[in-house]
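Quick look at input.txt (compact mmCIF, N, CA and C atoms and all ligand atoms):
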# COMPACT_ATOMS: atom_id res chain seq x y z
N MET A 254 0.84 -1.21 0.00
CA MET A 254 0.00 0.00 0.00
C MET A 254 0.87 1.25 0.00
N ALA A 255 1.93 1.24 0.79
CA ALA A 255 2.83 2.39 0.83
C ALA A 255 3.48 2.63 -0.53
N GLU A 256 3.85 1.53 -1.20
CA GLU A 256 4.47 1.64 -2.52
C GLU A 256 3.54 2.28 -3.52
N LEU A 257 2.28 1.85 -3.45
CA LEU A 257 1.28 2.40 -4.36
C LEU A 257 1.17 3.90 -4.16
N THR A 258 1.20 4.31 -2.91
CA THR A 258 1.07 5.73 -2.61
C THR A 258 2.25 6.52 -3.16
N ILE A 259 3.46 5.98 -3.00
CA ILE A 259 4.64 6.65 -3.53
C ILE A 259 4.57 6.73 -5.06
N ARG A 260 4.13 5.62 -5.68
CA ARG A 260 4.01 5.62 -7.14
C ARG A 260 3.00 6.66 -7.62
N GLN A 261 1.88 6.72 -6.91
CA GLN A 261 0.87 7.71 -7.28
C GLN A 261 1.38 9.13 -7.09
N LEU A 262 2.17 9.30 -6.04
CA LEU A 262 2.77 10.61 -5.76
C LEU A 262 3.73 10.99 -6.89
N ILE A 263 4.53 10.02 -7.35
CA ILE A 263 5.46 10.26 -8.46
C ILE A 263 4.68 10.63 -9.72
N MET A 264 3.60 9.88 -9.99
CA MET A 264 2.80 10.16 -11.19
C MET A 264 2.21 11.56 -11.14
N GLN A 265 1.71 11.93 -9.96
CA GLN A 265 1.16 13.28 -9.81
C GLN A 265 2.24 14.34 -10.01
N SER A 266 3.42 14.06 -9.44
CA SER A 266 4.51 15.05 -9.46
C SER A 266 5.00 15.35 -10.86
N ILE A 267 5.02 14.33 -11.73
CA ILE A 267 5.60 14.54 -13.07
C ILE A 267 4.56 14.86 -14.13
N THR A 268 3.28 14.90 -13.74
CA THR A 268 2.25 15.23 -14.72
C THR A 268 2.35 16.71 -15.10
N GLY A 269 2.54 16.95 -16.38
CA GLY A 269 2.60 18.32 -16.88
C GLY A 269 3.95 18.99 -16.70
N THR A 270 4.97 18.23 -16.23
CA THR A 270 6.28 18.83 -16.04
C THR A 270 7.35 17.76 -16.22
N LEU A 271 8.61 18.09 -15.97
CA LEU A 271 9.71 17.14 -16.09
C LEU A 271 10.58 17.19 -14.85
N TYR A 272 10.90 16.01 -14.31
CA TYR A 272 11.80 15.92 -13.16
C TYR A 272 12.83 14.83 -13.39
N SER A 273 14.02 15.01 -12.84
CA SER A 273 15.00 13.92 -12.82
C SER A 273 14.68 13.00 -11.65
N SER A 274 15.24 11.78 -11.68
CA SER A 274 14.95 10.85 -10.58
C SER A 274 15.50 11.38 -9.26
N ARG A 275 16.59 12.15 -9.32
CA ARG A 275 17.13 12.73 -8.09
C ARG A 275 16.17 13.75 -7.49
N GLN A 276 15.61 14.58 -8.36
CA GLN A 276 14.65 15.58 -7.89
C GLN A 276 13.42 14.88 -7.29
N LEU A 277 12.98 13.80 -7.96
CA LEU A 277 11.81 13.07 -7.45
C LEU A 277 12.12 12.40 -6.12
N ALA A 278 13.34 11.89 -5.98
CA ALA A 278 13.74 11.26 -4.72
C ALA A 278 13.61 12.25 -3.56
N GLU A 279 14.04 13.48 -3.80
CA GLU A 279 13.93 14.51 -2.77
C GLU A 279 12.47 14.86 -2.51
N LEU A 280 11.72 14.93 -3.60
CA LEU A 280 10.33 15.34 -3.52
C LEU A 280 9.47 14.34 -2.73
N VAL A 281 9.63 13.05 -3.02
CA VAL A 281 8.76 12.05 -2.36
C VAL A 281 9.44 11.38 -1.18
N GLY A 282 10.75 11.64 -0.98
CA GLY A 282 11.43 11.14 0.21
C GLY A 282 11.78 9.67 0.19
N VAL A 283 12.12 9.14 -1.00
CA VAL A 283 12.62 7.77 -1.10
C VAL A 283 13.94 7.79 -1.86
N PRO A 284 14.78 6.73 -1.72
CA PRO A 284 16.06 6.72 -2.45
C PRO A 284 15.86 6.76 -3.97
N GLU A 285 16.84 7.36 -4.64
CA GLU A 285 16.76 7.53 -6.09
C GLU A 285 16.56 6.18 -6.81
N ARG A 286 17.22 5.15 -6.30
CA ARG A 286 17.11 3.80 -6.88
C ARG A 286 15.65 3.33 -6.88
N GLN A 287 14.95 3.63 -5.79
CA GLN A 287 13.52 3.25 -5.68
C GLN A 287 12.68 4.05 -6.67
N VAL A 288 13.02 5.33 -6.81
CA VAL A 288 12.29 6.16 -7.77
C VAL A 288 12.41 5.56 -9.17
N GLU A 289 13.59 5.09 -9.53
CA GLU A 289 13.81 4.51 -10.86
C GLU A 289 12.98 3.24 -11.05
N ASP A 290 12.88 2.42 -10.00
CA ASP A 290 12.01 1.23 -10.07
C ASP A 290 10.56 1.64 -10.30
N HIS A 291 10.12 2.64 -9.56
CA HIS A 291 8.74 3.11 -9.71
C HIS A 291 8.52 3.66 -11.11
N LEU A 292 9.49 4.39 -11.63
CA LEU A 292 9.32 5.02 -12.95
C LEU A 292 9.12 3.98 -14.06
N ILE A 293 9.78 2.84 -13.92
CA ILE A 293 9.61 1.76 -14.90
C ILE A 293 8.14 1.32 -14.94
N HIS A 294 7.55 1.18 -13.74
CA HIS A 294 6.14 0.78 -13.67
C HIS A 294 5.21 1.91 -14.10
N VAL A 295 5.58 3.12 -13.74
CA VAL A 295 4.78 4.28 -14.16
C VAL A 295 4.75 4.35 -15.69
N ALA A 296 5.90 4.17 -16.33
CA ALA A 296 5.98 4.21 -17.79
C ALA A 296 5.09 3.14 -18.41
N LYS A 297 5.08 1.94 -17.81
CA LYS A 297 4.26 0.85 -18.34
C LYS A 297 2.78 1.14 -18.19
N SER A 298 2.37 1.64 -17.03
CA SER A 298 0.94 1.87 -16.84
C SER A 298 0.46 3.05 -17.69
N VAL A 299 1.32 4.07 -17.86
CA VAL A 299 0.93 5.20 -18.70
C VAL A 299 0.84 4.78 -20.17
N ALA A 300 1.69 3.82 -20.56
CA ALA A 300 1.68 3.33 -21.95
C ALA A 300 0.34 2.67 -22.29
N ARG A 301 -0.35 2.14 -21.27
CA ARG A 301 -1.65 1.50 -21.50
C ARG A 301 -2.80 2.49 -21.46
N ASP A 302 -2.49 3.71 -21.10
CA ASP A 302 -3.51 4.73 -20.88
C ASP A 302 -3.56 5.67 -22.08
N ARG A 303 -4.69 5.70 -22.75
CA ARG A 303 -4.79 6.52 -23.97
C ARG A 303 -4.84 8.01 -23.68
N THR A 304 -5.14 8.38 -22.44
CA THR A 304 -5.30 9.80 -22.15
C THR A 304 -3.98 10.46 -21.75
N ARG A 305 -2.94 9.62 -21.53
CA ARG A 305 -1.67 10.19 -21.09
C ARG A 305 -0.50 9.61 -21.87
N ARG A 306 0.63 10.32 -21.84
CA ARG A 306 1.82 9.86 -22.54
C ARG A 306 3.03 10.06 -21.64
N PHE A 307 3.85 9.03 -21.51
CA PHE A 307 5.07 9.13 -20.71
C PHE A 307 6.16 9.81 -21.54
N VAL A 308 6.79 10.81 -20.97
CA VAL A 308 7.81 11.57 -21.68
C VAL A 308 9.16 11.33 -21.03
N LEU A 309 10.15 10.97 -21.84
CA LEU A 309 11.50 10.82 -21.34
C LEU A 309 12.40 11.81 -22.08
N GLU A 310 12.90 12.79 -21.36
CA GLU A 310 13.86 13.73 -21.94
C GLU A 310 15.25 13.12 -21.73
N PRO A 311 15.96 12.78 -22.82
CA PRO A 311 17.21 12.04 -22.66
C PRO A 311 18.32 12.83 -21.97
N SER A 312 19.30 12.10 -21.46
CA SER A 312 20.50 12.72 -20.90
C SER A 312 21.22 13.49 -22.00
N ARG A 313 21.97 14.50 -21.57
CA ARG A 313 22.69 15.32 -22.54
C ARG A 313 24.06 15.67 -21.95
N CYS A 314 25.07 15.72 -22.81
CA CYS A 314 26.40 16.11 -22.37
C CYS A 314 26.46 17.62 -22.23
N GLY A 315 26.90 18.10 -21.08
CA GLY A 315 26.98 19.53 -20.82
C GLY A 315 28.12 20.20 -21.56
N ASP A 316 29.07 19.43 -22.05
CA ASP A 316 30.22 20.01 -22.73
C ASP A 316 30.06 20.09 -24.25
N CYS A 317 29.62 18.98 -24.87
CA CYS A 317 29.52 18.99 -26.34
C CYS A 317 28.08 18.92 -26.84
N GLY A 318 27.12 18.73 -25.94
CA GLY A 318 25.72 18.71 -26.35
C GLY A 318 25.23 17.38 -26.87
N PHE A 319 26.07 16.34 -26.78
CA PHE A 319 25.67 15.02 -27.24
C PHE A 319 24.41 14.57 -26.49
N VAL A 320 23.42 14.05 -27.23
CA VAL A 320 22.17 13.58 -26.61
C VAL A 320 22.13 12.06 -26.65
N PHE A 321 21.83 11.47 -25.50
CA PHE A 321 21.82 10.00 -25.36
C PHE A 321 20.46 9.44 -25.80
N ARG A 322 20.15 9.57 -27.09
CA ARG A 322 18.82 9.21 -27.58
C ARG A 322 18.52 7.72 -27.52
N GLU A 323 19.51 6.92 -27.78
CA GLU A 323 19.24 5.47 -27.86
C GLU A 323 19.17 4.81 -26.50
N ARG A 324 19.47 5.58 -25.49
CA ARG A 324 19.52 4.99 -24.16
C ARG A 324 18.11 4.67 -23.67
N THR A 325 17.86 3.41 -23.34
CA THR A 325 16.53 3.03 -22.88
C THR A 325 16.49 2.82 -21.38
N ARG A 326 17.63 2.62 -20.76
CA ARG A 326 17.66 2.48 -19.30
C ARG A 326 17.32 3.82 -18.67
N LEU A 327 16.77 3.75 -17.46
CA LEU A 327 16.33 4.98 -16.82
C LEU A 327 17.42 5.65 -15.98
N THR A 328 18.57 5.02 -15.93
CA THR A 328 19.63 5.62 -15.12
C THR A 328 20.49 6.57 -15.96
N CYS A 329 21.20 7.44 -15.27
CA CYS A 329 22.02 8.44 -15.95
C CYS A 329 23.35 7.83 -16.38
N PRO A 330 23.75 8.02 -17.64
CA PRO A 330 25.06 7.54 -18.08
C PRO A 330 26.17 8.34 -17.39
N SER A 331 27.35 7.76 -17.25
CA SER A 331 28.39 8.43 -16.47
C SER A 331 29.36 9.24 -17.34
N ARG A 332 29.42 8.95 -18.62
CA ARG A 332 30.46 9.57 -19.44
C ARG A 332 29.97 9.74 -20.88
N CYS A 333 30.37 10.85 -21.51
CA CYS A 333 29.98 11.12 -22.90
C CYS A 333 30.83 10.27 -23.85
N PRO A 334 30.19 9.53 -24.77
CA PRO A 334 30.95 8.69 -25.70
C PRO A 334 31.69 9.53 -26.76
N ARG A 335 31.27 10.78 -26.94
CA ARG A 335 31.89 11.61 -27.96
C ARG A 335 33.11 12.37 -27.43
N CYS A 336 32.95 13.03 -26.27
CA CYS A 336 34.05 13.87 -25.78
C CYS A 336 34.61 13.40 -24.44
N ARG A 337 34.05 12.30 -23.89
CA ARG A 337 34.56 11.72 -22.62
C ARG A 337 34.28 12.60 -21.41
N SER A 338 33.45 13.63 -21.59
CA SER A 338 33.12 14.47 -20.46
C SER A 338 32.24 13.70 -19.47
N GLU A 339 32.32 14.07 -18.19
CA GLU A 339 31.44 13.47 -17.20
C GLU A 339 30.36 14.45 -16.75
N ALA A 340 30.29 15.59 -17.46
CA ALA A 340 29.27 16.59 -17.14
C ALA A 340 27.97 16.25 -17.85
N ILE A 341 27.33 15.14 -17.42
CA ILE A 341 26.13 14.65 -18.08
C ILE A 341 24.90 15.06 -17.27
N SER A 342 23.95 15.70 -17.95
CA SER A 342 22.71 16.03 -17.24
C SER A 342 21.85 14.78 -17.17
N PRO A 343 21.16 14.56 -16.07
CA PRO A 343 20.37 13.34 -15.93
C PRO A 343 19.14 13.37 -16.82
N PRO A 344 18.61 12.18 -17.20
CA PRO A 344 17.35 12.17 -17.94
C PRO A 344 16.23 12.69 -17.04
N ARG A 345 15.23 13.28 -17.66
CA ARG A 345 14.08 13.76 -16.88
C ARG A 345 12.81 13.12 -17.43
N TYR A 346 11.82 13.01 -16.54
CA TYR A 346 10.61 12.27 -16.86
C TYR A 346 9.37 13.13 -16.64
N GLY A 347 8.37 12.86 -17.44
CA GLY A 347 7.12 13.59 -17.26
C GLY A 347 5.97 12.79 -17.83
N ILE A 348 4.76 13.25 -17.51
CA ILE A 348 3.54 12.68 -18.10
C ILE A 348 2.77 13.81 -18.75
N GLU A 349 2.50 13.63 -20.05
CA GLU A 349 1.71 14.61 -20.79
C GLU A 349 0.27 14.12 -20.86
N LEU A 350 -0.65 15.03 -20.65
CA LEU A 350 -2.05 14.68 -20.87
C LEU A 350 -2.35 14.95 -22.33
N ARG A 351 -3.01 14.00 -22.97
CA ARG A 351 -3.33 14.17 -24.40
C ARG A 351 -4.56 15.04 -24.56
ZN ZN B 401 30.33 15.32 -24.77
Go ahead and express the file in the form of structure tokens.
Amino acid sequence: MAELTIRQLIMQSITGTLYSSRQLAELVGVPERQVEDHLIHVAKSVARDRTRRFVLEPSRCGDCGFVFRERTRLTCPSRCPRCRSEAISPPRYGIELR
């Protein structure tokens, strides 16, 4: 029951906006790792819902602007494959209402 509540809280928090898993962890008060687990389920349930769409803004390199488009995992990559920079912005998540 507690998990459901946290998941619902996450869904509410990202509806109409974008947050990184770190920001969500602070917002709902659970470890970032748990937020990522919840987001996987949130993405699946939103995918079945015709009224909403799960949005994933990919990670981006802060130095060269490389965008990690092909990345399907929800965790943040540690290093840019193009310039080797570690200044990577985390992916952000949201739910759009159709
Ligand atoms: Zn780069």
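The nearest approach to ligand ZN 401 (chain B) among the residues A:Arg305, A:Arg345, A:Arg335, A:Arg286, with only N, CA and C atoms and all ligand atoms taken into account, belongs to A:Arg335.
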Can I get the residues close to ligand ZN 401 (chain B) as a ChimeraX atom specification, where close means within 6 Å and we count all atoms listed in the file? /A:314-319,333-338
I need the alpha helix (DSSP H) residues of chain A per DSSP on the backbone, written as JSON, numbers by chain. {"A": [255, 256, 257, 258, 259, 260, 261, 262, 263, 264, 265, 266, 267, 274, 275, 276, 277, 278, 279, 280, 281, 285, 286, 287, 288, 289, 290, 291, 292, 293, 294, 295, 296, 297, 298, 299, 300]}
Between CA of Glu323 in chain A and CA of Asp290 in chain A, distance in Å (one decimal):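 Value for the CA of Glu323 in chain A-CA of Asp290 in chain A distance: 19.7 Å.
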Name the residues of chain A that come out as strand (DSSP E) in a backbone DSSP run; write them as a list in words.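 DSSP on the backbone gives strand (DSSP E) at Tyr272, Ser273, Arg305, Arg306, Phe307, Val308, Leu309, Glu310, Arg313, Cys314, Ile341, Ser342, Arg345, Tyr346, Gly347, Ile348, Glu349 and Leu350 of chain A.
We find atom N of Glu289 in chain A and atom C of Leu309 in chain A to be spaced 14.3 Å apart.
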Could you tell me how far atom C of Thr304 in chain A lies from CA of Ala278 in chain A, in Å and to one decimal?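 Here the two named atoms are 24.6 Å from each other.
Comparing the minimum interatomic distances between Arg275 in chain A and each of A:Val288, A:Ser312, A:Leu350, A:Val295, counting only N, CA and C atoms, we find that A:Val288 sits nearest.
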Which residue gives the smallest distance to Gln287 in chain A among A:Pro344, A:Arg332, A:Arg322, A:Arg260, with only C-alpha atoms counted? A:Arg260
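Compared by their closest atoms to Val308 in chain A, and using only C-alpha atoms, the residues A:Val281, A:Ala296, A:Met264, A:Ala340 rank with A:Ala296 nearest.
Of the residues under consideration (A:Arg351, A:Tyr346, A:Leu292, A:Asp302), A:Tyr346 shows the shortest atom-to-atom contact distance to Ser273 in chain A when counting only N, CA and C atoms.
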Pull the neighbourhood of (11.3, 17.1, -16.0) for me: all residues within 10 Å in file coordinates, counting only C-alpha atoms, as a PyMOL selection string. chain A and resi 266-274+276-277+308-310+343-348
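Proximity ranking of A:Glu349, A:Thr258, A:Glu285, A:Gln265 relative to Phe307 in chain A places A:Glu349 first, based on all atoms listed in the file.
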